[in-house]
Amino acid sequence: MSFEVTSVPLLDLQAQYQPIRDEVLAAITRVCDSQRFIMGPEVEGLERELAGMLEVKEAVGVSSGTDALLAAMMALNIGAGDEVITSTYSFFATAGCVVRLGARPVLVDIDRVTYNVDPAAIAAAITPRTRAIIPVHLYGCSAEMTPILELAAKAGVAVIEDAAQAIGSRYHGRPVGGLGTIGCFSFFPSKNLGAFGDGGFVTTNDAALAHRLRLVRNHGAEPKYFHKLVGANFRLDAIQAAVLRVKLPHLAAWTEARRRNAARYRELFAPLVVKGQVELPVEPDGFYHIYNQFVIRLAERDRVKAALDARRVGTEIYYPVPFHLQECFAHLGHSKGDFPAAEDAADHTLALPIYGELTEAQQRYVVESIAQVV
Ligand SMILES: *Cc1c(COP(=O)(O)O)cnc(C)c1O
């Protein structure tokens, strides 16, 4: 039996939750019964499991993806007078964290096709004040890391991967997060591995840096009440860790489901692509895209979005305003036209539903809704 589709949400967390509901509730109950809410065995267990999956030496649970970025930069002693090169086109936290620490974000444009930071633009932006480069693996596809890592090594600066949208994504076989100096991940509920609230983690292969990250996460205390450095409370809750340990073994299958949906969109959109009416995301050779978002490009994006709203198809614009045009970054002195690829993406891209439980009928409804108006 099949039902006629009349709406498609951008994300349906219920569909993922219901099959694992009993296991999740048992895990939460386990923490409640233990009355150990801060750090402890659930967090340590999760850290080990994440490090194993991502093929890194260390994973350190933190309170959010934003705090992962802050902790990474604090562990590297980045602050006033320092420059950090990053993409002008990402979620706010990527550049917001740099400014919060008193450093200067040096923004660069993206590649028009991948939406990821352009390595040539990074090369041109390096100065003696550069302390780090933050490539973002936007939408779940790795940035072009080889040239970025080479530039960083030559300049002697750190690479902080913003992998918040890219857990399990690979670059020439290697998981992102372990390619640079530190990887930063988010467990925000809409990410591919979402907590039941906020959470995140950082990864590194450098044992000394992992130690500093653990200090930064907990007010620099070692032992308790003896403070080696000024950190913050960036701890991950045990309840979140317990929920995430239930979800983690499913992640690979959930990612494969997203990839199957992406492949199906490619088939369904093929006629519109041939006519140049829609541009689809790319997965370069040797990359493993995890499709946290499936973002398409359209000439008349706003008109298509309105039509999809009317047909009750959930969509989102990631992101309508690049960093260089944000009011709070006016002090950086940028103006419209500075980064044309990012500005074009902001005006013409749209994220479609891509979650794993999406049905073929729902995908057909999305594509037909777009075909009617382009
Ligand atoms: C989600 C996200 C973050 C921040 O993560 P939170 O857990 O929401 O703080 C940082 N960078 C990117 C690219 C993100 O998508």
# chains A, B, ... in the order shown; residues from 1 in each chain; ligands from 1

$ closest_atom_pairs --of "chain A" --to "ligand 1" --cutoff "6 Å" --atoms "only C-alpha atoms and all ligand atoms" --output "tab-separated table"
residue	atom	partner	partner_atom_place_in_ligand_line	distance
A:Ser64	CA	ligand 1	7 (O)	3.9
A:Gly65	CA	ligand 1	5 (O)	3.4
A:Thr66	CA	ligand 1	9 (O)	3.6
A:Ser90	CA	ligand 1	13 (C)	5.4
A:Phe91	CA	ligand 1	13 (C)	4.8
A:Ala93	CA	ligand 1	10 (C)	5.0
A:Thr94	CA	ligand 1	11 (N)	5.2
A:Asp162	CA	ligand 1	11 (N)	5.8
A:Ala164	CA	ligand 1	14 (C)	4.7
A:Gln165	CA	ligand 1	15 (O)	4.9
A:Ser186	CA	ligand 1	7 (O)	4.2
A:Phe187	CA	ligand 1	7 (O)	5.6
A:Phe188	CA	ligand 1	7 (O)	4.6
A:Asp198	CA	ligand 1	7 (O)	5.8
A:Gly199	CA	ligand 1	7 (O)	5.8
A:Gly200	CA	ligand 1	7 (O)	5.8

$ write_last_selection --atoms "all heavy atoms" --output "mmCIF file, in the first residue's frame"
data_model
loop_
_atom_site.group_PDB
_atom_site.id
_atom_site.type_symbol
_atom_site.label_atom_id
_atom_site.label_comp_id
_atom_site.auth_asym_id
_atom_site.auth_seq_id
_atom_site.Cartn_x
_atom_site.Cartn_y
_atom_site.Cartn_z
ATOM 1 N N SER A 64 29.781 21.404 22.416
ATOM 2 C CA SER A 64 29.124 21.720 21.136
ATOM 3 C C SER A 64 30.192 21.797 20.051
ATOM 4 O O SER A 64 31.389 21.792 20.352
ATOM 5 C CB SER A 64 28.384 23.072 21.210
ATOM 6 O OG SER A 64 29.309 24.138 21.311
ATOM 7 N N GLY A 65 29.759 21.907 18.827
ATOM 8 C CA GLY A 65 30.698 22.109 17.729
ATOM 9 C C GLY A 65 31.369 23.477 17.824
ATOM 10 O O GLY A 65 32.546 23.626 17.508
ATOM 11 N N THR A 66 30.597 24.450 18.273
ATOM 12 C CA THR A 66 31.150 25.793 18.482
ATOM 13 C C THR A 66 32.267 25.731 19.512
ATOM 14 O O THR A 66 33.353 26.293 19.309
ATOM 15 C CB THR A 66 30.027 26.734 18.967
ATOM 16 O OG1 THR A 66 28.994 26.760 17.984
ATOM 17 C CG2 THR A 66 30.548 28.135 19.211
ATOM 18 N N SER A 90 30.214 29.621 5.513
ATOM 19 C CA SER A 90 30.057 28.493 6.424
ATOM 20 C C SER A 90 29.014 28.875 7.459
ATOM 21 O O SER A 90 28.465 29.977 7.429
ATOM 22 C CB SER A 90 31.396 28.182 7.100
ATOM 23 O OG SER A 90 31.273 27.146 8.060
ATOM 24 N N PHE A 91 28.778 27.960 8.414
ATOM 25 C CA PHE A 91 27.949 28.320 9.558
ATOM 26 C C PHE A 91 28.707 29.348 10.395
ATOM 27 O O PHE A 91 29.941 29.318 10.479
ATOM 28 C CB PHE A 91 27.611 27.074 10.393
ATOM 29 C CG PHE A 91 26.847 27.410 11.641
ATOM 30 C CD1 PHE A 91 25.572 27.957 11.555
ATOM 31 C CD2 PHE A 91 27.412 27.225 12.884
ATOM 32 C CE1 PHE A 91 24.881 28.311 12.704
ATOM 33 C CE2 PHE A 91 26.728 27.559 14.040
ATOM 34 C CZ PHE A 91 25.461 28.111 13.950
ATOM 35 N N ALA A 93 29.600 29.896 13.378
ATOM 36 C CA ALA A 93 30.600 29.573 14.408
ATOM 37 C C ALA A 93 32.027 29.564 13.866
ATOM 38 O O ALA A 93 32.967 29.913 14.582
ATOM 39 C CB ALA A 93 30.286 28.216 15.027
ATOM 40 N N THR A 94 32.209 29.162 12.618
ATOM 41 C CA THR A 94 33.553 29.026 12.059
ATOM 42 C C THR A 94 34.350 30.321 12.204
ATOM 43 O O THR A 94 35.510 30.301 12.621
ATOM 44 C CB THR A 94 33.476 28.613 10.577
ATOM 45 O OG1 THR A 94 32.571 27.527 10.431
ATOM 46 C CG2 THR A 94 34.842 28.206 10.045
ATOM 47 N N ASP A 162 37.124 22.169 10.287
ATOM 48 C CA ASP A 162 35.741 22.293 10.754
ATOM 49 C C ASP A 162 34.964 21.169 10.079
ATOM 50 O O ASP A 162 34.497 21.292 8.947
ATOM 51 C CB ASP A 162 35.150 23.662 10.437
ATOM 52 C CG ASP A 162 33.746 23.827 11.022
ATOM 53 O OD1 ASP A 162 33.114 22.782 11.313
ATOM 54 O OD2 ASP A 162 33.280 24.966 11.174
ATOM 55 N N ALA A 164 32.256 19.788 11.352
ATOM 56 C CA ALA A 164 30.957 19.719 12.046
ATOM 57 C C ALA A 164 29.887 19.045 11.188
ATOM 58 O O ALA A 164 29.012 18.367 11.706
ATOM 59 C CB ALA A 164 30.504 21.125 12.443
ATOM 60 N N GLN A 165 29.976 19.228 9.881
ATOM 61 C CA GLN A 165 28.968 18.649 8.981
ATOM 62 C C GLN A 165 29.469 17.371 8.318
ATOM 63 O O GLN A 165 28.819 16.868 7.407
ATOM 64 C CB GLN A 165 28.605 19.669 7.885
ATOM 65 C CG GLN A 165 28.028 20.967 8.429
ATOM 66 C CD GLN A 165 27.650 21.960 7.355
ATOM 67 O OE1 GLN A 165 27.749 21.696 6.162
ATOM 68 N NE2 GLN A 165 27.206 23.137 7.779
ATOM 69 N N SER A 186 30.466 18.383 15.507
ATOM 70 C CA SER A 186 29.262 18.788 16.239
ATOM 71 C C SER A 186 28.272 17.641 16.317
ATOM 72 O O SER A 186 28.109 16.878 15.359
ATOM 73 C CB SER A 186 28.604 19.964 15.502
ATOM 74 O OG SER A 186 27.286 20.179 15.975
ATOM 75 N N PHE A 187 27.601 17.547 17.469
ATOM 76 C CA PHE A 187 26.488 16.607 17.620
ATOM 77 C C PHE A 187 25.144 17.332 17.615
ATOM 78 O O PHE A 187 24.158 16.818 18.146
ATOM 79 C CB PHE A 187 26.615 15.845 18.954
ATOM 80 C CG PHE A 187 27.803 14.939 19.070
ATOM 81 C CD1 PHE A 187 28.639 15.012 20.181
ATOM 82 C CD2 PHE A 187 28.079 13.986 18.092
ATOM 83 C CE1 PHE A 187 29.726 14.158 20.325
ATOM 84 C CE2 PHE A 187 29.163 13.127 18.221
ATOM 85 C CZ PHE A 187 29.982 13.218 19.343
ATOM 86 N N PHE A 188 25.098 18.545 17.065
ATOM 87 C CA PHE A 188 23.824 19.252 16.944
ATOM 88 C C PHE A 188 22.821 18.287 16.293
ATOM 89 O O PHE A 188 23.191 17.512 15.403
ATOM 90 C CB PHE A 188 24.016 20.512 16.090
ATOM 91 C CG PHE A 188 22.795 21.381 16.023
ATOM 92 C CD1 PHE A 188 22.453 22.211 17.084
ATOM 93 C CD2 PHE A 188 21.972 21.367 14.901
ATOM 94 C CE1 PHE A 188 21.316 22.998 17.020
ATOM 95 C CE2 PHE A 188 20.833 22.156 14.835
ATOM 96 C CZ PHE A 188 20.500 22.974 15.900
ATOM 97 N N ASP A 198 22.801 19.676 22.738
ATOM 98 C CA ASP A 198 24.082 20.105 22.175
ATOM 99 C C ASP A 198 25.214 19.172 22.572
ATOM 100 O O ASP A 198 25.178 18.551 23.642
ATOM 101 C CB ASP A 198 24.403 21.528 22.664
ATOM 102 C CG ASP A 198 23.637 22.586 21.887
ATOM 103 O OD1 ASP A 198 23.732 22.578 20.641
ATOM 104 O OD2 ASP A 198 22.941 23.412 22.508
ATOM 105 N N GLY A 199 26.210 19.109 21.724
ATOM 106 C CA GLY A 199 27.409 18.331 22.014
ATOM 107 C C GLY A 199 28.371 18.441 20.851
ATOM 108 O O GLY A 199 28.014 18.960 19.783
ATOM 109 N N GLY A 200 29.586 17.959 21.068
ATOM 110 C CA GLY A 200 30.588 17.983 19.998
ATOM 111 C C GLY A 200 31.825 17.250 20.462
ATOM 112 O O GLY A 200 31.858 16.693 21.567
#

$ closest_residue --among "A:Lys57, A:Arg30, A:Arg264, A:Lys228" --to "A:Thr181" --atoms "only C-alpha atoms"
A:Lys57

$ closest_residue --among "A:Gln35, A:Gln326, A:Thr127, A:Asn261" --to "A:Gly96" --atoms "only C-alpha atoms"
A:Gln326

$ closest_atom_pairs --of "stretch 171-290 of chain A" --to "stretch 101-115 of chain A" --cutoff "9 Å" --atoms "only C-alpha atoms" --output "tab-separated table"
residue	atom	partner	partner_atom	distance
A:Pro281	CA	A:Thr114	CA	7.0
A:Val282	CA	A:Thr114	CA	6.4
A:Glu283	CA	A:Thr114	CA	8.1
A:Pro284	CA	A:Thr114	CA	8.5

$ write_last_selection --atoms "N, CA and C atoms" --output "PDB file, in the first residue's frame"
ATOM      1  N   PRO A 281      25.093  18.874  -6.344  1.00  0.00           N
ATOM      2  CA  PRO A 281      26.377  18.828  -5.639  1.00  0.00           C
ATOM      3  C   PRO A 281      27.332  17.843  -6.312  1.00  0.00           C
ATOM      4  N   VAL A 282      28.624  18.084  -6.163  1.00  0.00           N
ATOM      5  CA  VAL A 282      29.605  17.169  -6.755  1.00  0.00           C
ATOM      6  C   VAL A 282      30.290  16.365  -5.652  1.00  0.00           C
ATOM      7  N   GLU A 283      30.703  15.172  -6.042  1.00  0.00           N
ATOM      8  CA  GLU A 283      31.552  14.357  -5.173  1.00  0.00           C
ATOM      9  C   GLU A 283      32.808  14.064  -5.985  1.00  0.00           C
ATOM     10  N   PRO A 284      33.871  14.852  -5.776  1.00  0.00           N
ATOM     11  CA  PRO A 284      35.070  14.645  -6.593  1.00  0.00           C
ATOM     12  C   PRO A 284      35.622  13.222  -6.431  1.00  0.00           C
TER      13      PRO A 284
END

$ select_by_dssp --residues "stretch 112-302 of chain A" --states "strand (DSSP E or B)" --output "PyMOL selection string"
chain A and resi 117+130-134+136+158-162+170-171+174-175+182-186+200-204+218+221+227+233+237+279+287-288+294-297

$ closest_atom_pairs --of "stretch 232-297 of chain A" --to "stretch 136-140 of chain A" --cutoff "8 Å" --atoms "only C-alpha atoms" --output "JSON lines"
{"residue": "A:His289", "atom": "CA", "partner": "A:Gly140", "partner_atom": "CA", "distance": 5.5}
{"residue": "A:Ile290", "atom": "CA", "partner": "A:Gly140", "partner_atom": "CA", "distance": 4.9}
{"residue": "A:Tyr291", "atom": "CA", "partner": "A:Gly140", "partner_atom": "CA", "distance": 5.1}
{"residue": "A:Asn292", "atom": "CA", "partner": "A:Gly140", "partner_atom": "CA", "distance": 5.1}
{"residue": "A:Gln293", "atom": "CA", "partner": "A:Tyr139", "partner_atom": "CA", "distance": 4.8}
{"residue": "A:Phe294", "atom": "CA", "partner": "A:Tyr139", "partner_atom": "CA", "distance": 7.1}
{"residue": "A:Val295", "atom": "CA", "partner": "A:Tyr139", "partner_atom": "CA", "distance": 7.7}

$ closest_residue --among "A:Asn205, A:Arg301, A:Glu368, A:Ile354" --to "A:Leu272" --atoms "only C-alpha atoms"
A:Glu368

$ select_by_dssp --residues "stretch 128-232 of chain A" --states "alpha helix (DSSP H)" --output "list in words"
Met145, Thr146, Pro147, Ile148, Leu149, Glu150, Leu151, Ala152, Ala153, Lys154, Ala155, Ala207, Ala208, Leu209, Ala210, His211, Arg212, Leu213, Arg214, Leu215, Val216 and Arg217 of chain A

$ write_last_selection --atoms "C-alpha atoms" --output "PDB file, in the first residue's frame"
ATOM      1  CA  MET A 145      43.094  19.066   1.801  1.00  0.00           C
ATOM      2  CA  THR A 146      46.380  18.171   0.090  1.00  0.00           C
ATOM      3  CA  PRO A 147      47.243  21.716  -1.057  1.00  0.00           C
ATOM      4  CA  ILE A 148      45.906  23.161   2.203  1.00  0.00           C
ATOM      5  CA  LEU A 149      48.100  20.851   4.294  1.00  0.00           C
ATOM      6  CA  GLU A 150      51.101  21.677   2.099  1.00  0.00           C
ATOM      7  CA  LEU A 151      50.548  25.416   2.474  1.00  0.00           C
ATOM      8  CA  ALA A 152      50.164  25.053   6.232  1.00  0.00           C
ATOM      9  CA  ALA A 153      53.307  22.958   6.577  1.00  0.00           C
ATOM     10  CA  LYS A 154      55.297  25.473   4.545  1.00  0.00           C
ATOM     11  CA  ALA A 155      53.996  28.387   6.615  1.00  0.00           C
ATOM     12  CA  ALA A 207      49.076  13.320  22.313  1.00  0.00           C
ATOM     13  CA  ALA A 208      50.388  16.566  23.841  1.00  0.00           C
ATOM     14  CA  LEU A 209      47.703  18.561  22.070  1.00  0.00           C
ATOM     15  CA  ALA A 210      45.026  16.107  23.218  1.00  0.00           C
ATOM     16  CA  HIS A 211      46.199  16.676  26.762  1.00  0.00           C
ATOM     17  CA  ARG A 212      45.885  20.450  26.314  1.00  0.00           C
ATOM     18  CA  LEU A 213      42.436  20.023  24.792  1.00  0.00           C
ATOM     19  CA  ARG A 214      41.348  18.022  27.842  1.00  0.00           C
ATOM     20  CA  LEU A 215      42.721  20.776  30.090  1.00  0.00           C
ATOM     21  CA  VAL A 216      40.985  23.527  28.119  1.00  0.00           C
ATOM     22  CA  ARG A 217      37.718  21.593  28.318  1.00  0.00           C
TER      23      ARG A 217
END

$ decode --residues "stretch 144-168 of chain A" --atoms "N, CA, C and O atoms" --output "PDB file, in the first residue's frame"
ATOM      1  N   GLU A 144      39.502  20.459  -0.223  1.00  0.00           N
ATOM      2  CA  GLU A 144      40.662  19.945  -0.985  1.00  0.00           C
ATOM      3  C   GLU A 144      41.893  20.038  -0.084  1.00  0.00           C
ATOM      4  O   GLU A 144      42.572  21.066  -0.030  1.00  0.00           O
ATOM      5  N   MET A 145      42.162  18.964   0.679  1.00  0.00           N
ATOM      6  CA  MET A 145      43.094  19.066   1.801  1.00  0.00           C
ATOM      7  C   MET A 145      44.568  19.024   1.429  1.00  0.00           C
ATOM      8  O   MET A 145      45.388  19.633   2.118  1.00  0.00           O
ATOM      9  N   THR A 146      44.945  18.309   0.374  1.00  0.00           N
ATOM     10  CA  THR A 146      46.380  18.171   0.090  1.00  0.00           C
ATOM     11  C   THR A 146      47.064  19.534  -0.077  1.00  0.00           C
ATOM     12  O   THR A 146      48.042  19.817   0.620  1.00  0.00           O
ATOM     13  N   PRO A 147      46.580  20.412  -0.948  1.00  0.00           N
ATOM     14  CA  PRO A 147      47.243  21.716  -1.057  1.00  0.00           C
ATOM     15  C   PRO A 147      47.150  22.540   0.221  1.00  0.00           C
ATOM     16  O   PRO A 147      48.094  23.281   0.559  1.00  0.00           O
ATOM     17  N   ILE A 148      46.053  22.387   0.963  1.00  0.00           N
ATOM     18  CA  ILE A 148      45.906  23.161   2.203  1.00  0.00           C
ATOM     19  C   ILE A 148      46.940  22.698   3.232  1.00  0.00           C
ATOM     20  O   ILE A 148      47.608  23.511   3.885  1.00  0.00           O
ATOM     21  N   LEU A 149      47.124  21.381   3.342  1.00  0.00           N
ATOM     22  CA  LEU A 149      48.100  20.851   4.294  1.00  0.00           C
ATOM     23  C   LEU A 149      49.521  21.247   3.883  1.00  0.00           C
ATOM     24  O   LEU A 149      50.366  21.543   4.733  1.00  0.00           O
ATOM     25  N   GLU A 150      49.767  21.266   2.577  1.00  0.00           N
ATOM     26  CA  GLU A 150      51.101  21.677   2.099  1.00  0.00           C
ATOM     27  C   GLU A 150      51.377  23.140   2.424  1.00  0.00           C
ATOM     28  O   GLU A 150      52.458  23.492   2.901  1.00  0.00           O
ATOM     29  N   LEU A 151      50.390  23.987   2.170  1.00  0.00           N
ATOM     30  CA  LEU A 151      50.548  25.416   2.474  1.00  0.00           C
ATOM     31  C   LEU A 151      50.806  25.617   3.962  1.00  0.00           C
ATOM     32  O   LEU A 151      51.666  26.408   4.356  1.00  0.00           O
ATOM     33  N   ALA A 152      50.040  24.891   4.788  1.00  0.00           N
ATOM     34  CA  ALA A 152      50.164  25.053   6.232  1.00  0.00           C
ATOM     35  C   ALA A 152      51.538  24.597   6.713  1.00  0.00           C
ATOM     36  O   ALA A 152      52.170  25.251   7.547  1.00  0.00           O
ATOM     37  N   ALA A 153      51.995  23.467   6.165  1.00  0.00           N
ATOM     38  CA  ALA A 153      53.307  22.958   6.577  1.00  0.00           C
ATOM     39  C   ALA A 153      54.401  23.950   6.208  1.00  0.00           C
ATOM     40  O   ALA A 153      55.311  24.226   6.996  1.00  0.00           O
ATOM     41  N   LYS A 154      54.298  24.509   5.000  1.00  0.00           N
ATOM     42  CA  LYS A 154      55.297  25.473   4.545  1.00  0.00           C
ATOM     43  C   LYS A 154      55.306  26.730   5.420  1.00  0.00           C
ATOM     44  O   LYS A 154      56.350  27.267   5.744  1.00  0.00           O
ATOM     45  N   ALA A 155      54.104  27.164   5.813  1.00  0.00           N
ATOM     46  CA  ALA A 155      53.996  28.387   6.615  1.00  0.00           C
ATOM     47  C   ALA A 155      54.176  28.105   8.108  1.00  0.00           C
ATOM     48  O   ALA A 155      54.258  29.024   8.914  1.00  0.00           O
ATOM     49  N   GLY A 156      54.192  26.818   8.485  1.00  0.00           N
ATOM     50  CA  GLY A 156      54.331  26.466   9.900  1.00  0.00           C
ATOM     51  C   GLY A 156      53.100  26.835  10.717  1.00  0.00           C
ATOM     52  O   GLY A 156      53.211  27.272  11.866  1.00  0.00           O
ATOM     53  N   VAL A 157      51.921  26.688  10.137  1.00  0.00           N
ATOM     54  CA  VAL A 157      50.691  27.026  10.858  1.00  0.00           C
ATOM     55  C   VAL A 157      49.812  25.775  11.015  1.00  0.00           C
ATOM     56  O   VAL A 157      49.965  24.796  10.279  1.00  0.00           O
ATOM     57  N   ALA A 158      48.897  25.845  11.972  1.00  0.00           N
ATOM     58  CA  ALA A 158      48.013  24.709  12.250  1.00  0.00           C
ATOM     59  C   ALA A 158      46.865  24.649  11.245  1.00  0.00           C
ATOM     60  O   ALA A 158      46.486  25.665  10.656  1.00  0.00           O
ATOM     61  N   VAL A 159      46.340  23.449  11.075  1.00  0.00           N
ATOM     62  CA  VAL A 159      45.118  23.271  10.286  1.00  0.00           C
ATOM     63  C   VAL A 159      44.033  22.743  11.219  1.00  0.00           C
ATOM     64  O   VAL A 159      44.169  21.659  11.801  1.00  0.00           O
ATOM     65  N   ILE A 160      42.987  23.536  11.399  1.00  0.00           N
ATOM     66  CA  ILE A 160      41.843  23.127  12.219  1.00  0.00           C
ATOM     67  C   ILE A 160      40.711  22.789  11.256  1.00  0.00           C
ATOM     68  O   ILE A 160      40.171  23.667  10.585  1.00  0.00           O
ATOM     69  N   GLU A 161      40.399  21.514  11.165  1.00  0.00           N
ATOM     70  CA  GLU A 161      39.314  21.114  10.253  1.00  0.00           C
ATOM     71  C   GLU A 161      37.966  21.380  10.916  1.00  0.00           C
ATOM     72  O   GLU A 161      37.706  20.850  11.992  1.00  0.00           O
ATOM     73  N   ASP A 162      37.124  22.169  10.287  1.00  0.00           N
ATOM     74  CA  ASP A 162      35.741  22.293  10.754  1.00  0.00           C
ATOM     75  C   ASP A 162      34.964  21.169  10.079  1.00  0.00           C
ATOM     76  O   ASP A 162      34.497  21.292   8.947  1.00  0.00           O
ATOM     77  N   ALA A 163      34.878  20.060  10.803  1.00  0.00           N
ATOM     78  CA  ALA A 163      34.222  18.858  10.278  1.00  0.00           C
ATOM     79  C   ALA A 163      32.834  18.683  10.889  1.00  0.00           C
ATOM     80  O   ALA A 163      32.299  17.574  10.923  1.00  0.00           O
ATOM     81  N   ALA A 164      32.256  19.788  11.352  1.00  0.00           N
ATOM     82  CA  ALA A 164      30.957  19.719  12.046  1.00  0.00           C
ATOM     83  C   ALA A 164      29.887  19.045  11.188  1.00  0.00           C
ATOM     84  O   ALA A 164      29.012  18.367  11.706  1.00  0.00           O
ATOM     85  N   GLN A 165      29.976  19.228   9.881  1.00  0.00           N
ATOM     86  CA  GLN A 165      28.968  18.649   8.981  1.00  0.00           C
ATOM     87  C   GLN A 165      29.469  17.371   8.318  1.00  0.00           C
ATOM     88  O   GLN A 165      28.819  16.868   7.407  1.00  0.00           O
ATOM     89  N   ALA A 166      30.613  16.851   8.758  1.00  0.00           N
ATOM     90  CA  ALA A 166      31.281  15.857   7.910  1.00  0.00           C
ATOM     91  C   ALA A 166      31.753  14.600   8.634  1.00  0.00           C
ATOM     92  O   ALA A 166      32.719  13.965   8.215  1.00  0.00           O
ATOM     93  N   ILE A 167      31.059  14.186   9.680  1.00  0.00           N
ATOM     94  CA  ILE A 167      31.510  12.990  10.402  1.00  0.00           C
ATOM     95  C   ILE A 167      31.428  11.750   9.493  1.00  0.00           C
ATOM     96  O   ILE A 167      30.384  11.463   8.912  1.00  0.00           O
ATOM     97  N   GLY A 168      32.546  11.075   9.336  1.00  0.00           N
ATOM     98  CA  GLY A 168      32.594   9.884   8.479  1.00  0.00           C
ATOM     99  C   GLY A 168      32.956  10.177   7.034  1.00  0.00           C
ATOM    100  O   GLY A 168      33.152   9.252   6.238  1.00  0.00           O
TER     101      GLY A 168
END
